[in-house]
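**Q** This is the structure, below, for whatever I ask next.
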Amino acid sequence: MADRGFDLEDRLESLEDNDLKRTLSPVDRVAERGYFAEPSGGELPVLDSAEALVFASNNYLGLTDDERIQDAARRAAATVGTGAGASRLVTGDTLVHQDLERLLAETKDTERALAFSSGYAANVGTITALEPDVVFSDELNHASIIDGCRLADCDTVVYDHCDVASLRSKLEERAEHAARKGDAPDEESWLIVTDSVFSMDGTVAPLESICDAAEEFGAWVMVDEAHATGLYVDGGGIVQAEGLEDRIQIQMGTLSKALASQGGYVAGSAELIDCIVNDARPFVFSTGLAPPAAAAASEALHVARHSDVRERLWENVAHLRDGLESMGFDVWGDSQILPVVVGDRRDAIDLADGIRERDVVAPPIRPPTVPDGTSRIRVVPMATHEQNDIVTCLEAFRATGEEVGLL
Ligand SMILES: Cc1ncc(COP(=O)(O)O)c(C=O)c1O
């Protein structure tokens, strides 16, 4: 009989042969340090005897083990329940969801906000609900934006990374294309979508120039603040840092990075949120965000807005960037994300292994996550790292860099 199954062994071997196979390494807790276990497949993991410093997490403000946030999650579990029990539209809407959404709208300076069960769902849900004819998308946008465009079945026009000249020429081309077809210029709905901070390159989108271009061509702008929410002025993102709230129609983000929880959000006008509540399938047909996650995110946002935690993160970022650059490493980006780019994937693996032996965890980032020849270690400090931790991380990079011939 013909074998119509899947040759998984072959697929895995090919990943292994190309230094592209990924594995899971559990840790005992989510914080700036922890005990890791070697990948164990289906076996129960055995934790290492030494504690390692984590320099690769998106828990930027280090709030996942903050007592105030843990207490908020506990209280919500005890008073509201551990899960939402149904879609928000059925019986899963609670006061903690409403509280979170009010605080998100205040932070993002919008009329309303809406929480999803993940940032992935927020992107896919928002883009599909809008049903744009054309999406202009930065070439390095997150997978959830790309998947949203695929599901929305729109024309996706990709422009060069953070390059407004490239965006403008794509907008012009499309306008000419519409004119050639004899369409009225405003017949199509256009959405420009960009991450504000790019997770693998640490770059920041030129939002003001993007808004200028959008306004010239009558397009709407949607900004994904997943890696910025909580880190800039008053706990906002780049949109707030640059004062662009009135020029950007859709702000989205995640609750699962600086806000130390799980879930996503979209913020904008009351009409936008009403449409998404009705038309976003990942909102309508999925159980509401768990109440403890909503309460934890609210408390984390409050801490991000009203404490010195953001300053501590940015001090650590400056210290780490200075140290790595002065050793001679090539550090990309303009944000809290410090990609140490080494090029060759084998070099990235050797560098990651060497710092891991020195009890610093920051895994290699290789194709297909980044283009071939730009393999890197994505180094990210947290607000809760002490100065000594930063020094330990720098020392691990220096010793390994010299050992493997990268310095
Ligand atoms: C830019 C960006 N957008 C969206 C997401 C999805 O967010 P979540 O992890 O909450 O699903 C991520 C996170 O992985 C991200 O990096």
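Chain labels A, B, ... are given in the sequence in which chains occur in the structure tokens; within each chain residues are numbered consecutively from 1, and ligands are likewise numbered from 1 in the order shown.
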List as a list in words the protein and nucleic acid residues near Ile349 of chain A, meaning an atom at most 9 Å away when only C-alpha atoms are counted, but skip any in the same chain fewer than 4 places from it.
**A**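 Counting only C-alpha atoms, the residues come to Asp19, Asp344, Arg345, Asp353, Gly354, Pro363, Pro364, Ile365, Arg366, Ser375, Arg376 and Ile377 of chain A.
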**Q** The selected residues should be written to file as a CSV table (one decimal), in the first residue's frame (atoms: N, CA, C and O atoms).
**A**
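In the end it all went to again_32.csv:
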```
chain,number,residue,atom,x,y,z
A,19,ASP,N,22.3,22.7,11.2
A,19,ASP,CA,22.4,23.5,12.4
A,19,ASP,C,21.2,24.3,12.7
A,19,ASP,O,21.3,25.4,13.2
A,344,ASP,N,27.8,34.2,10.7
A,344,ASP,CA,27.8,32.8,10.5
A,344,ASP,C,27.0,32.0,11.6
A,344,ASP,O,27.2,32.3,12.8
A,345,ARG,N,26.1,31.1,11.2
A,345,ARG,CA,25.3,30.4,12.2
A,345,ARG,C,26.1,29.6,13.2
A,345,ARG,O,25.8,29.5,14.3
A,353,ASP,N,26.9,28.9,23.1
A,353,ASP,CA,27.4,27.8,23.9
A,353,ASP,C,28.4,28.3,25.0
A,353,ASP,O,28.4,27.9,26.1
A,354,GLY,N,29.3,29.1,24.5
A,354,GLY,CA,30.4,29.6,25.4
A,354,GLY,C,29.8,30.4,26.5
A,354,GLY,O,30.3,30.3,27.7
A,363,PRO,N,20.2,32.4,23.7
A,363,PRO,CA,20.4,31.5,22.6
A,363,PRO,C,20.7,32.1,21.3
A,363,PRO,O,20.4,33.3,21.1
A,364,PRO,N,21.3,31.3,20.4
A,364,PRO,CA,21.6,31.9,19.0
A,364,PRO,C,20.3,32.1,18.2
A,364,PRO,O,19.3,31.3,18.4
A,365,ILE,N,20.2,33.1,17.4
A,365,ILE,CA,19.1,33.3,16.5
A,365,ILE,C,19.6,33.1,15.1
A,365,ILE,O,20.5,33.8,14.6
A,366,ARG,N,19.0,32.1,14.4
A,366,ARG,CA,19.5,31.7,13.1
A,366,ARG,C,18.4,31.7,12.1
A,366,ARG,O,17.2,31.9,12.4
A,375,SER,N,23.3,35.7,11.4
A,375,SER,CA,23.0,35.0,12.7
A,375,SER,C,23.5,35.8,13.8
A,375,SER,O,24.5,36.6,13.7
A,376,ARG,N,22.9,35.7,15.0
A,376,ARG,CA,23.2,36.6,16.1
A,376,ARG,C,22.8,36.1,17.4
A,376,ARG,O,22.1,35.0,17.5
A,377,ILE,N,23.3,36.8,18.5
A,377,ILE,CA,22.7,36.5,19.8
A,377,ILE,C,21.9,37.7,20.1
A,377,ILE,O,22.4,38.9,20.0
```
**Q** Residues within 7 Å of ligand 1 should be enumerated using only C-alpha atoms and all ligand atoms and returned as a compact mmCIF listing (two decimals) with N, CA, C and O atoms, in the first residue's frame.
**A**
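New file selection21.txt:
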```txt
# COMPACT_ATOMS: atom_id res chain seq x y z
N SER A 118 -4.20 36.55 23.18
CA SER A 118 -2.76 36.65 22.87
C SER A 118 -2.56 37.82 21.92
O SER A 118 -3.51 38.29 21.27
N GLY A 119 -1.30 38.26 21.82
CA GLY A 119 -0.97 39.30 20.85
C GLY A 119 -1.15 38.76 19.44
O GLY A 119 -1.55 39.50 18.53
N TYR A 120 -0.83 37.49 19.26
CA TYR A 120 -1.00 36.85 17.95
C TYR A 120 -2.47 36.97 17.51
O TYR A 120 -2.77 37.40 16.39
N ALA A 121 -3.36 36.63 18.44
CA ALA A 121 -4.80 36.70 18.12
C ALA A 121 -5.23 38.15 17.87
O ALA A 121 -6.09 38.41 17.02
N ASN A 123 -3.44 40.59 16.51
CA ASN A 123 -3.05 40.99 15.16
C ASN A 123 -3.91 40.31 14.10
O ASN A 123 -4.45 40.97 13.20
N ASN A 141 8.09 42.63 9.59
CA ASN A 141 6.96 42.55 10.52
C ASN A 141 6.81 41.15 11.10
O ASN A 141 7.17 40.14 10.50
N HIS A 142 6.20 41.12 12.29
CA HIS A 142 6.03 39.87 13.02
C HIS A 142 5.13 38.88 12.26
O HIS A 142 4.21 39.28 11.53
N SER A 144 2.67 37.20 13.16
CA SER A 144 1.22 37.32 13.38
C SER A 144 0.60 38.37 12.46
O SER A 144 -0.59 38.28 12.12
N ASP A 195 5.61 46.95 12.97
CA ASP A 195 6.03 46.85 14.36
C ASP A 195 6.61 48.22 14.72
O ASP A 195 7.14 48.92 13.85
N PHE A 198 11.36 46.34 16.44
CA PHE A 198 11.48 45.04 15.77
C PHE A 198 12.27 44.08 16.65
O PHE A 198 13.38 44.39 17.08
N SER A 199 11.66 42.90 16.87
CA SER A 199 12.15 42.03 17.94
C SER A 199 13.52 41.43 17.67
O SER A 199 14.24 41.14 18.61
N ASP A 224 2.26 47.88 15.78
CA ASP A 224 2.38 46.78 16.74
C ASP A 224 3.43 47.17 17.78
O ASP A 224 4.63 47.20 17.49
N GLU A 225 2.96 47.45 18.99
CA GLU A 225 3.84 47.92 20.07
C GLU A 225 4.22 46.78 21.02
O GLU A 225 4.50 47.03 22.21
N ALA A 226 4.26 45.55 20.51
CA ALA A 226 4.55 44.41 21.39
C ALA A 226 5.83 44.61 22.20
O ALA A 226 5.87 44.31 23.40
N HIS A 227 6.88 45.13 21.54
CA HIS A 227 8.18 45.25 22.23
C HIS A 227 8.41 46.65 22.80
O HIS A 227 9.53 46.98 23.17
N GLY A 253 -0.72 45.62 20.86
CA GLY A 253 0.46 45.19 21.62
C GLY A 253 0.16 43.91 22.35
O GLY A 253 -0.91 43.30 22.16
N THR A 254 1.10 43.49 23.14
CA THR A 254 0.93 42.25 23.89
C THR A 254 1.02 42.56 25.38
O THR A 254 1.62 43.54 25.79
N LEU A 255 0.41 41.66 26.16
CA LEU A 255 0.50 41.77 27.62
C LEU A 255 1.59 40.82 28.13
O LEU A 255 1.82 40.73 29.32
N SER A 256 2.25 40.12 27.18
CA SER A 256 3.09 38.99 27.59
C SER A 256 4.58 39.32 27.61
O SER A 256 5.39 38.44 27.85
N GLN A 262 -0.01 37.51 30.05
CA GLN A 262 -0.34 36.75 28.83
C GLN A 262 -1.50 37.46 28.19
O GLN A 262 -2.37 37.95 28.90
N GLY A 263 -1.52 37.55 26.87
CA GLY A 263 -2.64 38.19 26.20
C GLY A 263 -2.18 39.30 25.29
O GLY A 263 -0.98 39.60 25.21
N GLY A 264 -3.13 39.90 24.57
CA GLY A 264 -2.80 41.01 23.67
C GLY A 264 -3.88 42.06 23.76
O GLY A 264 -4.90 41.87 24.44
```
**Q** Measuring between only C-alpha atoms, which one of A:Ser40, A:Gln336, A:Gln240, A:Ser137 shows the shortest distance to Ile210 of chain A?
**A**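 Closest candidate: A:Ser137.
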**Q** Using only C-alpha atoms, which residues sit within 9 Å of Arg88 of chain A once same-chain residues fewer than 6 positions away are excluded, as a ChimeraX atom specification?
**A** /A:94,283-284,286-289
**Q** Compile the contact shell of segment 54-57 of chain A as a list in words: residues with an atom at most 8 Å away, counting only C-alpha atoms, same-chain residues fewer than 2 positions apart removed.
**A**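 Contacts, with the query itself left out: Ala31, Glu32, Arg33, Gly34, Ala52, Asn59, Tyr60, Val360, Val361, Ala362, Pro363, Arg378, Val379, Val380, Pro381, Met382 and Cys393 of chain A.
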**Q** Filtering to all heavy atoms, could you give me those residues as a CSV table (one decimal), in the first residue's frame?
**A**
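Output contents, as saved in again36.csv:
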```
chain,number,residue,atom,x,y,z
A,31,ALA,N,12.4,34.8,35.6
A,31,ALA,CA,13.0,35.9,36.3
A,31,ALA,C,14.3,36.2,35.7
A,31,ALA,O,14.6,35.6,34.6
A,31,ALA,CB,13.2,35.5,37.8
A,32,GLU,N,15.1,37.1,36.3
A,32,GLU,CA,16.4,37.4,35.6
A,32,GLU,C,17.4,36.4,35.8
A,32,GLU,O,18.5,36.4,35.2
A,32,GLU,CB,16.9,38.8,36.1
A,32,GLU,CG,17.3,38.9,37.6
A,32,GLU,CD,16.2,38.9,38.6
A,32,GLU,OE1,15.0,39.0,38.1
A,32,GLU,OE2,16.5,38.8,39.8
A,33,ARG,N,17.2,35.4,36.6
A,33,ARG,CA,18.1,34.2,36.8
A,33,ARG,C,17.2,33.0,37.1
A,33,ARG,O,16.1,33.1,37.5
A,33,ARG,CB,19.1,34.5,37.9
A,33,ARG,CG,18.5,34.6,39.3
A,33,ARG,CD,19.5,35.1,40.3
A,33,ARG,NE,19.8,36.5,40.1
A,33,ARG,CZ,21.0,36.9,40.0
A,33,ARG,NH1,22.1,36.1,40.0
A,33,ARG,NH2,21.3,38.2,39.8
A,34,GLY,N,17.8,31.8,36.8
A,34,GLY,CA,17.0,30.6,37.1
A,34,GLY,C,17.8,29.3,36.9
A,34,GLY,O,19.0,29.4,36.4
A,52,ALA,N,21.7,30.2,36.3
A,52,ALA,CA,22.2,31.0,35.2
A,52,ALA,C,21.5,32.3,35.1
A,52,ALA,O,20.3,32.5,35.5
A,52,ALA,CB,21.9,30.2,33.9
A,59,ASN,N,10.7,39.7,29.2
A,59,ASN,CA,10.2,40.1,30.5
A,59,ASN,C,11.0,41.4,30.9
A,59,ASN,O,11.7,41.4,31.9
A,59,ASN,CB,10.4,39.0,31.4
A,59,ASN,CG,10.0,39.2,32.9
A,59,ASN,OD1,9.2,40.1,33.2
A,59,ASN,ND2,10.6,38.4,33.8
A,60,TYR,N,10.9,42.4,30.0
A,60,TYR,CA,11.9,43.5,30.0
A,60,TYR,C,11.9,44.2,31.4
A,60,TYR,O,13.0,44.6,31.8
A,60,TYR,CB,11.5,44.6,29.0
A,60,TYR,CG,11.5,44.0,27.6
A,60,TYR,CD1,10.4,44.1,26.8
A,60,TYR,CD2,12.7,43.4,27.0
A,60,TYR,CE1,10.4,43.6,25.5
A,60,TYR,CE2,12.7,42.9,25.7
A,60,TYR,CZ,11.5,43.0,25.0
A,60,TYR,OH,11.5,42.5,23.7
A,360,VAL,N,25.5,32.2,31.5
A,360,VAL,CA,24.7,33.3,30.9
A,360,VAL,C,23.8,32.7,29.7
A,360,VAL,O,24.4,32.1,28.8
A,360,VAL,CB,25.5,34.5,30.3
A,360,VAL,CG1,24.7,35.5,29.6
A,360,VAL,CG2,26.3,35.1,31.5
A,361,VAL,N,22.5,32.9,29.8
A,361,VAL,CA,21.6,32.3,28.8
A,361,VAL,C,21.2,33.4,27.8
A,361,VAL,O,20.5,34.3,28.2
A,361,VAL,CB,20.4,31.7,29.5
A,361,VAL,CG1,19.4,31.1,28.4
A,361,VAL,CG2,20.8,30.6,30.4
A,362,ALA,N,21.5,33.2,26.5
A,362,ALA,CA,21.0,34.0,25.4
A,362,ALA,C,21.3,33.1,24.2
A,362,ALA,O,22.4,33.1,23.6
A,362,ALA,CB,21.8,35.3,25.3
A,363,PRO,N,20.2,32.4,23.7
A,363,PRO,CA,20.4,31.5,22.6
A,363,PRO,C,20.7,32.1,21.3
A,363,PRO,O,20.4,33.3,21.1
A,363,PRO,CB,19.0,30.8,22.5
A,363,PRO,CG,18.3,31.2,23.8
A,363,PRO,CD,18.8,32.5,24.2
A,378,ARG,N,20.6,37.5,20.5
A,378,ARG,CA,19.8,38.6,20.8
A,378,ARG,C,19.9,38.8,22.3
A,378,ARG,O,19.3,38.1,23.1
A,378,ARG,CB,18.3,38.3,20.4
A,378,ARG,CG,17.3,39.3,20.8
A,378,ARG,CD,15.9,38.7,20.4
A,378,ARG,NE,14.8,39.6,20.7
A,378,ARG,CZ,14.2,39.6,21.8
A,378,ARG,NH1,14.5,38.8,22.8
A,378,ARG,NH2,13.2,40.5,22.0
A,379,VAL,N,20.7,39.9,22.7
A,379,VAL,CA,20.9,40.1,24.1
A,379,VAL,C,20.0,41.1,24.7
A,379,VAL,O,19.8,42.2,24.1
A,379,VAL,CB,22.4,40.6,24.3
A,379,VAL,CG1,22.7,40.7,25.8
A,379,VAL,CG2,23.4,39.8,23.6
A,380,VAL,N,19.3,40.8,25.8
A,380,VAL,CA,18.3,41.8,26.3
A,380,VAL,C,18.5,41.8,27.9
A,380,VAL,O,18.2,40.8,28.5
A,380,VAL,CB,16.9,41.4,26.0
A,380,VAL,CG1,16.0,42.6,26.2
A,380,VAL,CG2,16.7,40.9,24.6
A,381,PRO,N,18.8,42.9,28.4
A,381,PRO,CA,18.8,43.0,29.9
A,381,PRO,C,17.4,43.2,30.4
A,381,PRO,O,16.5,43.6,29.7
A,381,PRO,CB,19.7,44.3,30.2
A,381,PRO,CG,19.5,45.1,29.0
A,381,PRO,CD,19.2,44.2,27.8
A,382,MET,N,17.2,43.0,31.7
A,382,MET,CA,16.0,43.4,32.4
A,382,MET,C,16.2,44.5,33.4
A,382,MET,O,17.3,44.6,33.9
A,382,MET,CB,15.4,42.1,33.1
A,382,MET,CG,15.0,41.0,32.3
A,382,MET,SD,14.4,39.7,33.4
A,382,MET,CE,14.9,38.3,32.4
A,393,CYS,N,27.7,39.2,32.5
A,393,CYS,CA,27.3,39.0,31.1
A,393,CYS,C,28.4,39.5,30.2
A,393,CYS,O,28.8,38.8,29.2
A,393,CYS,CB,26.0,39.7,30.8
A,393,CYS,SG,25.4,39.5,29.1
```
**Q** If I take atom CA of Glu395 of chain A and atom CA of Gly323 of chain A, how far is one from the other in Å, to one decimal?
**A**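 We find that atom CA of Glu395 of chain A and atom CA of Gly323 of chain A lie 9.3 Å from each other.
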**Q** So that I can see what lies close to segment 63-68 of chain A, please list as a VMD selection string the residues with an atom at most 12 Å from it, counting only C-alpha atoms and leaving out residues fewer than 2 positions away in the same chain.
**A** chain A and resid 29 to 34 57 to 61 70 to 75 230 255 to 262 293 295 to 304 307 309 to 310 313 382 to 385
**Q** Keeping only N, CA and C atoms, write those residues as a short mmCIF file (atom, residue, chain, number, x, y, z; two decimals), in the first residue's frame.
**A**
```cif
data_model
loop_
_atom_site.label_atom_id
_atom_site.label_comp_id
_atom_site.auth_asym_id
_atom_site.auth_seq_id
_atom_site.Cartn_x
_atom_site.Cartn_y
_atom_site.Cartn_z
N ARG A 29 11.84 28.99 36.91
CA ARG A 29 11.00 30.17 37.13
C ARG A 29 11.29 31.23 36.07
N VAL A 30 10.39 32.20 35.93
CA VAL A 30 10.60 33.26 34.93
C VAL A 30 11.07 34.50 35.68
N ALA A 31 12.38 34.76 35.59
CA ALA A 31 12.98 35.89 36.31
C ALA A 31 14.32 36.19 35.65
N GLU A 32 15.10 37.08 36.25
CA GLU A 32 16.39 37.44 35.63
C GLU A 32 17.44 36.36 35.81
N ARG A 33 17.16 35.36 36.64
CA ARG A 33 18.05 34.21 36.79
C ARG A 33 17.21 32.98 37.08
N GLY A 34 17.77 31.80 36.83
CA GLY A 34 17.00 30.59 37.12
C GLY A 34 17.84 29.35 36.87
N SER A 57 15.21 37.36 27.60
CA SER A 57 13.77 37.31 27.83
C SER A 57 13.10 38.60 27.38
N ASN A 58 11.80 38.51 27.09
CA ASN A 58 11.02 39.71 26.79
C ASN A 58 10.35 40.26 28.04
N ASN A 59 10.69 39.70 29.18
CA ASN A 59 10.18 40.14 30.48
C ASN A 59 10.99 41.39 30.87
N TYR A 60 10.93 42.41 29.98
CA TYR A 60 11.88 43.52 30.03
C TYR A 60 11.94 44.22 31.39
N LEU A 61 10.79 44.36 32.04
CA LEU A 61 10.79 45.10 33.31
C LEU A 61 11.00 44.16 34.49
N GLN A 70 1.99 39.39 41.30
CA GLN A 70 1.54 38.05 41.69
C GLN A 70 0.29 38.15 42.57
N ASP A 71 0.27 39.12 43.49
CA ASP A 71 -0.91 39.28 44.36
C ASP A 71 -2.15 39.64 43.55
N ALA A 72 -1.96 40.49 42.54
CA ALA A 72 -3.11 40.88 41.71
C ALA A 72 -3.68 39.64 41.01
N ALA A 73 -2.77 38.79 40.50
CA ALA A 73 -3.24 37.57 39.81
C ALA A 73 -3.96 36.65 40.81
N ARG A 74 -3.37 36.50 42.00
CA ARG A 74 -3.99 35.65 43.04
C ARG A 74 -5.39 36.15 43.41
N ARG A 75 -5.47 37.46 43.63
CA ARG A 75 -6.77 38.04 44.04
C ARG A 75 -7.82 37.80 42.96
N GLY A 230 4.77 49.72 27.71
CA GLY A 230 5.25 49.72 29.10
C GLY A 230 6.62 50.33 29.27
N LEU A 255 0.41 41.66 26.16
CA LEU A 255 0.50 41.77 27.62
C LEU A 255 1.59 40.82 28.13
N SER A 256 2.25 40.12 27.18
CA SER A 256 3.09 38.99 27.59
C SER A 256 4.58 39.32 27.61
N LYS A 257 4.93 40.57 27.39
CA LYS A 257 6.36 40.92 27.43
C LYS A 257 6.60 41.82 28.64
N ALA A 258 6.73 43.14 28.46
CA ALA A 258 6.99 43.99 29.63
C ALA A 258 5.88 43.90 30.67
N LEU A 259 4.66 43.57 30.25
CA LEU A 259 3.55 43.55 31.21
C LEU A 259 3.41 42.20 31.93
N ALA A 260 4.39 41.33 31.74
CA ALA A 260 4.60 40.16 32.62
C ALA A 260 3.41 39.24 32.74
N SER A 261 2.56 39.19 31.70
CA SER A 261 1.37 38.38 31.82
C SER A 261 1.19 37.56 30.55
N GLN A 262 -0.01 37.51 30.05
CA GLN A 262 -0.34 36.75 28.83
C GLN A 262 -1.50 37.46 28.19
N ALA A 293 -4.69 36.73 34.36
CA ALA A 293 -3.77 37.35 33.39
C ALA A 293 -4.15 38.81 33.18
N ALA A 295 -5.71 40.78 35.32
CA ALA A 295 -5.40 41.54 36.54
C ALA A 295 -3.90 41.76 36.68
N ALA A 296 -3.11 40.74 36.34
CA ALA A 296 -1.64 40.87 36.43
C ALA A 296 -1.16 41.95 35.45
N ALA A 297 -1.72 41.96 34.24
CA ALA A 297 -1.30 42.96 33.25
C ALA A 297 -1.67 44.37 33.71
N SER A 298 -2.87 44.52 34.31
CA SER A 298 -3.27 45.85 34.82
C SER A 298 -2.28 46.34 35.86
N GLU A 299 -1.94 45.44 36.79
CA GLU A 299 -1.04 45.85 37.87
C GLU A 299 0.35 46.17 37.30
N ALA A 300 0.81 45.36 36.36
CA ALA A 300 2.13 45.60 35.76
C ALA A 300 2.14 46.94 35.02
N LEU A 301 1.03 47.25 34.34
CA LEU A 301 0.96 48.53 33.63
C LEU A 301 1.00 49.68 34.63
N HIS A 302 0.32 49.49 35.75
CA HIS A 302 0.34 50.52 36.80
C HIS A 302 1.77 50.73 37.30
N VAL A 303 2.49 49.63 37.55
CA VAL A 303 3.88 49.72 38.04
C VAL A 303 4.76 50.39 36.96
N ALA A 304 4.56 50.01 35.71
CA ALA A 304 5.36 50.59 34.62
C ALA A 304 5.14 52.10 34.54
N SER A 307 6.44 53.92 38.60
CA SER A 307 7.62 53.61 39.42
C SER A 307 8.86 53.91 38.59
N VAL A 309 10.91 51.71 37.47
CA VAL A 309 11.36 50.46 36.86
C VAL A 309 11.86 50.67 35.41
N ARG A 310 11.22 51.59 34.69
CA ARG A 310 11.66 51.84 33.30
C ARG A 310 13.07 52.42 33.28
N LEU A 313 15.67 49.76 33.65
CA LEU A 313 15.90 49.01 32.41
C LEU A 313 16.84 49.80 31.49
N MET A 382 17.24 43.04 31.72
CA MET A 382 15.95 43.36 32.37
C MET A 382 16.20 44.45 33.40
N ALA A 383 15.10 45.10 33.79
CA ALA A 383 15.22 46.17 34.80
C ALA A 383 15.76 45.60 36.12
N THR A 384 15.51 44.32 36.37
CA THR A 384 15.87 43.72 37.66
C THR A 384 17.29 43.14 37.68
N HIS A 385 18.05 43.22 36.59
CA HIS A 385 19.46 42.82 36.66
C HIS A 385 20.23 43.84 37.48
#
```
**Q** Name the residues of segment 166-304 of chain A that fall into strand (DSSP E or B) according to DSSP on the backbone, using the chain letters and numbers of this document, as a ChimeraX atom specification.
**A** /A:190-195,197,204,220-224,250-254,264-268,287
**Q** Any idea what the distance is between atom CA of Ala399 of chain A and atom CA of Ser49 of chain A?
**A** 21.9 Å
**Q** Could you please write out, as number ranges by chain, every residue of segment 145-204 of chain A that DSSP assigns to alpha helix (DSSP H)?
**A** A: 145-152, 164-181
**Q** One decimal, in Å: what's the spacing between atom CA of Glu43 of chain A and atom CA of Glu13 of chain A?
**A**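 Distance between the two atoms: 20.7 Å.
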**Q** Give the answer as one residue: which of A:Asp372, A:Asp93, A:Glu208, A:Asp334 has the shortest atom-to-atom distance to Leu244 of chain A, using only C-alpha atoms?
**A** A:Glu208
**Q** Smallest atom-to-atom distance to Ala86 of chain A: which of A:Asp274, A:Pro291, A:Met1, A:Pro39, using only C-alpha atoms?
**A**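 Comparing A:Asp274, A:Pro291, A:Met1, A:Pro39 against Ala86 of chain A, the winner is A:Pro291.
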**Q** Pick out the closest residue to Asp330 of chain A from this set: A:Val370, A:Leu407, A:Met222, A:Ala294. Count only C-alpha atoms.
**A**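 Smallest separation from Asp330 of chain A among the options: A:Leu407.
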**Q** Find the spatial neighbours of Asn388 of chain A, counting only C-alpha atoms, within a cut-off of 12 Å - ignore same-chain residues fewer than 6 positions away - and output them as a ChimeraX atom specification.
**A** /A:53,316,319-320,394-395
**Q** Output all heavy atoms for every residue in that selection, as a PDB file, in the first residue's frame.
**A**
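Listed below is the output, result-v7.pdb:
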```pdb
ATOM      1  N   LEU A  53      22.157  33.322  34.537  1.00  0.00           N
ATOM      2  CA  LEU A  53      21.554  34.644  34.328  1.00  0.00           C
ATOM      3  C   LEU A  53      20.857  34.663  32.979  1.00  0.00           C
ATOM      4  O   LEU A  53      21.430  34.221  31.975  1.00  0.00           O
ATOM      5  CB  LEU A  53      22.648  35.714  34.314  1.00  0.00           C
ATOM      6  CG  LEU A  53      23.196  36.122  35.671  1.00  0.00           C
ATOM      7  CD1 LEU A  53      24.491  36.910  35.491  1.00  0.00           C
ATOM      8  CD2 LEU A  53      22.159  36.965  36.410  1.00  0.00           C
ATOM      9  N   ASN A 316      20.460  49.760  32.424  1.00  0.00           N
ATOM     10  CA  ASN A 316      21.099  48.474  32.113  1.00  0.00           C
ATOM     11  C   ASN A 316      21.361  48.332  30.611  1.00  0.00           C
ATOM     12  O   ASN A 316      22.393  47.791  30.195  1.00  0.00           O
ATOM     13  CB  ASN A 316      20.226  47.314  32.601  1.00  0.00           C
ATOM     14  CG  ASN A 316      20.326  47.133  34.105  1.00  0.00           C
ATOM     15  OD1 ASN A 316      21.241  47.664  34.737  1.00  0.00           O
ATOM     16  ND2 ASN A 316      19.391  46.410  34.694  1.00  0.00           N
ATOM     17  N   HIS A 319      24.488  50.396  29.747  1.00  0.00           N
ATOM     18  CA  HIS A 319      25.703  49.756  30.254  1.00  0.00           C
ATOM     19  C   HIS A 319      26.104  48.563  29.372  1.00  0.00           C
ATOM     20  O   HIS A 319      27.261  48.425  28.960  1.00  0.00           O
ATOM     21  CB  HIS A 319      25.432  49.322  31.708  1.00  0.00           C
ATOM     22  CG  HIS A 319      26.614  48.748  32.419  1.00  0.00           C
ATOM     23  ND1 HIS A 319      26.589  48.395  33.748  1.00  0.00           N
ATOM     24  CD2 HIS A 319      27.864  48.437  32.014  1.00  0.00           C
ATOM     25  CE1 HIS A 319      27.759  47.908  34.102  1.00  0.00           C
ATOM     26  NE2 HIS A 319      28.549  47.917  33.071  1.00  0.00           N
ATOM     27  N   LEU A 320      25.117  47.742  29.052  1.00  0.00           N
ATOM     28  CA  LEU A 320      25.398  46.533  28.276  1.00  0.00           C
ATOM     29  C   LEU A 320      25.817  46.884  26.841  1.00  0.00           C
ATOM     30  O   LEU A 320      26.782  46.324  26.303  1.00  0.00           O
ATOM     31  CB  LEU A 320      24.143  45.661  28.278  1.00  0.00           C
ATOM     32  CG  LEU A 320      24.283  44.197  27.941  1.00  0.00           C
ATOM     33  CD1 LEU A 320      25.366  43.502  28.738  1.00  0.00           C
ATOM     34  CD2 LEU A 320      22.947  43.475  28.185  1.00  0.00           C
ATOM     35  N   LEU A 394      28.886  40.675  30.434  1.00  0.00           N
ATOM     36  CA  LEU A 394      29.941  41.234  29.567  1.00  0.00           C
ATOM     37  C   LEU A 394      31.188  40.363  29.614  1.00  0.00           C
ATOM     38  O   LEU A 394      31.816  40.088  28.576  1.00  0.00           O
ATOM     39  CB  LEU A 394      30.265  42.668  30.005  1.00  0.00           C
ATOM     40  CG  LEU A 394      29.182  43.708  29.667  1.00  0.00           C
ATOM     41  CD1 LEU A 394      29.494  45.051  30.328  1.00  0.00           C
ATOM     42  CD2 LEU A 394      29.054  43.881  28.150  1.00  0.00           C
ATOM     43  N   GLU A 395      31.543  39.897  30.805  1.00  0.00           N
ATOM     44  CA  GLU A 395      32.741  39.053  30.935  1.00  0.00           C
ATOM     45  C   GLU A 395      32.571  37.753  30.141  1.00  0.00           C
ATOM     46  O   GLU A 395      33.510  37.256  29.524  1.00  0.00           O
ATOM     47  CB  GLU A 395      33.020  38.737  32.414  1.00  0.00           C
ATOM     48  CG  GLU A 395      33.734  39.873  33.143  1.00  0.00           C
ATOM     49  CD  GLU A 395      34.977  40.347  32.385  1.00  0.00           C
ATOM     50  OE1 GLU A 395      35.766  39.495  31.940  1.00  0.00           O
ATOM     51  OE2 GLU A 395      35.126  41.572  32.191  1.00  0.00           O
TER      52      GLU A 395
END
```
**Q** Give me, as a list in words, all polymer residues having an atom no more than 12 Å from Gly42 of chain A, counting only C-alpha atoms and skipping those fewer than 4 positions away in the same chain.
**A**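 With the cut-off at 12 Å, the set is Thr23, Leu24, Ser25 and Glu38 of chain A.
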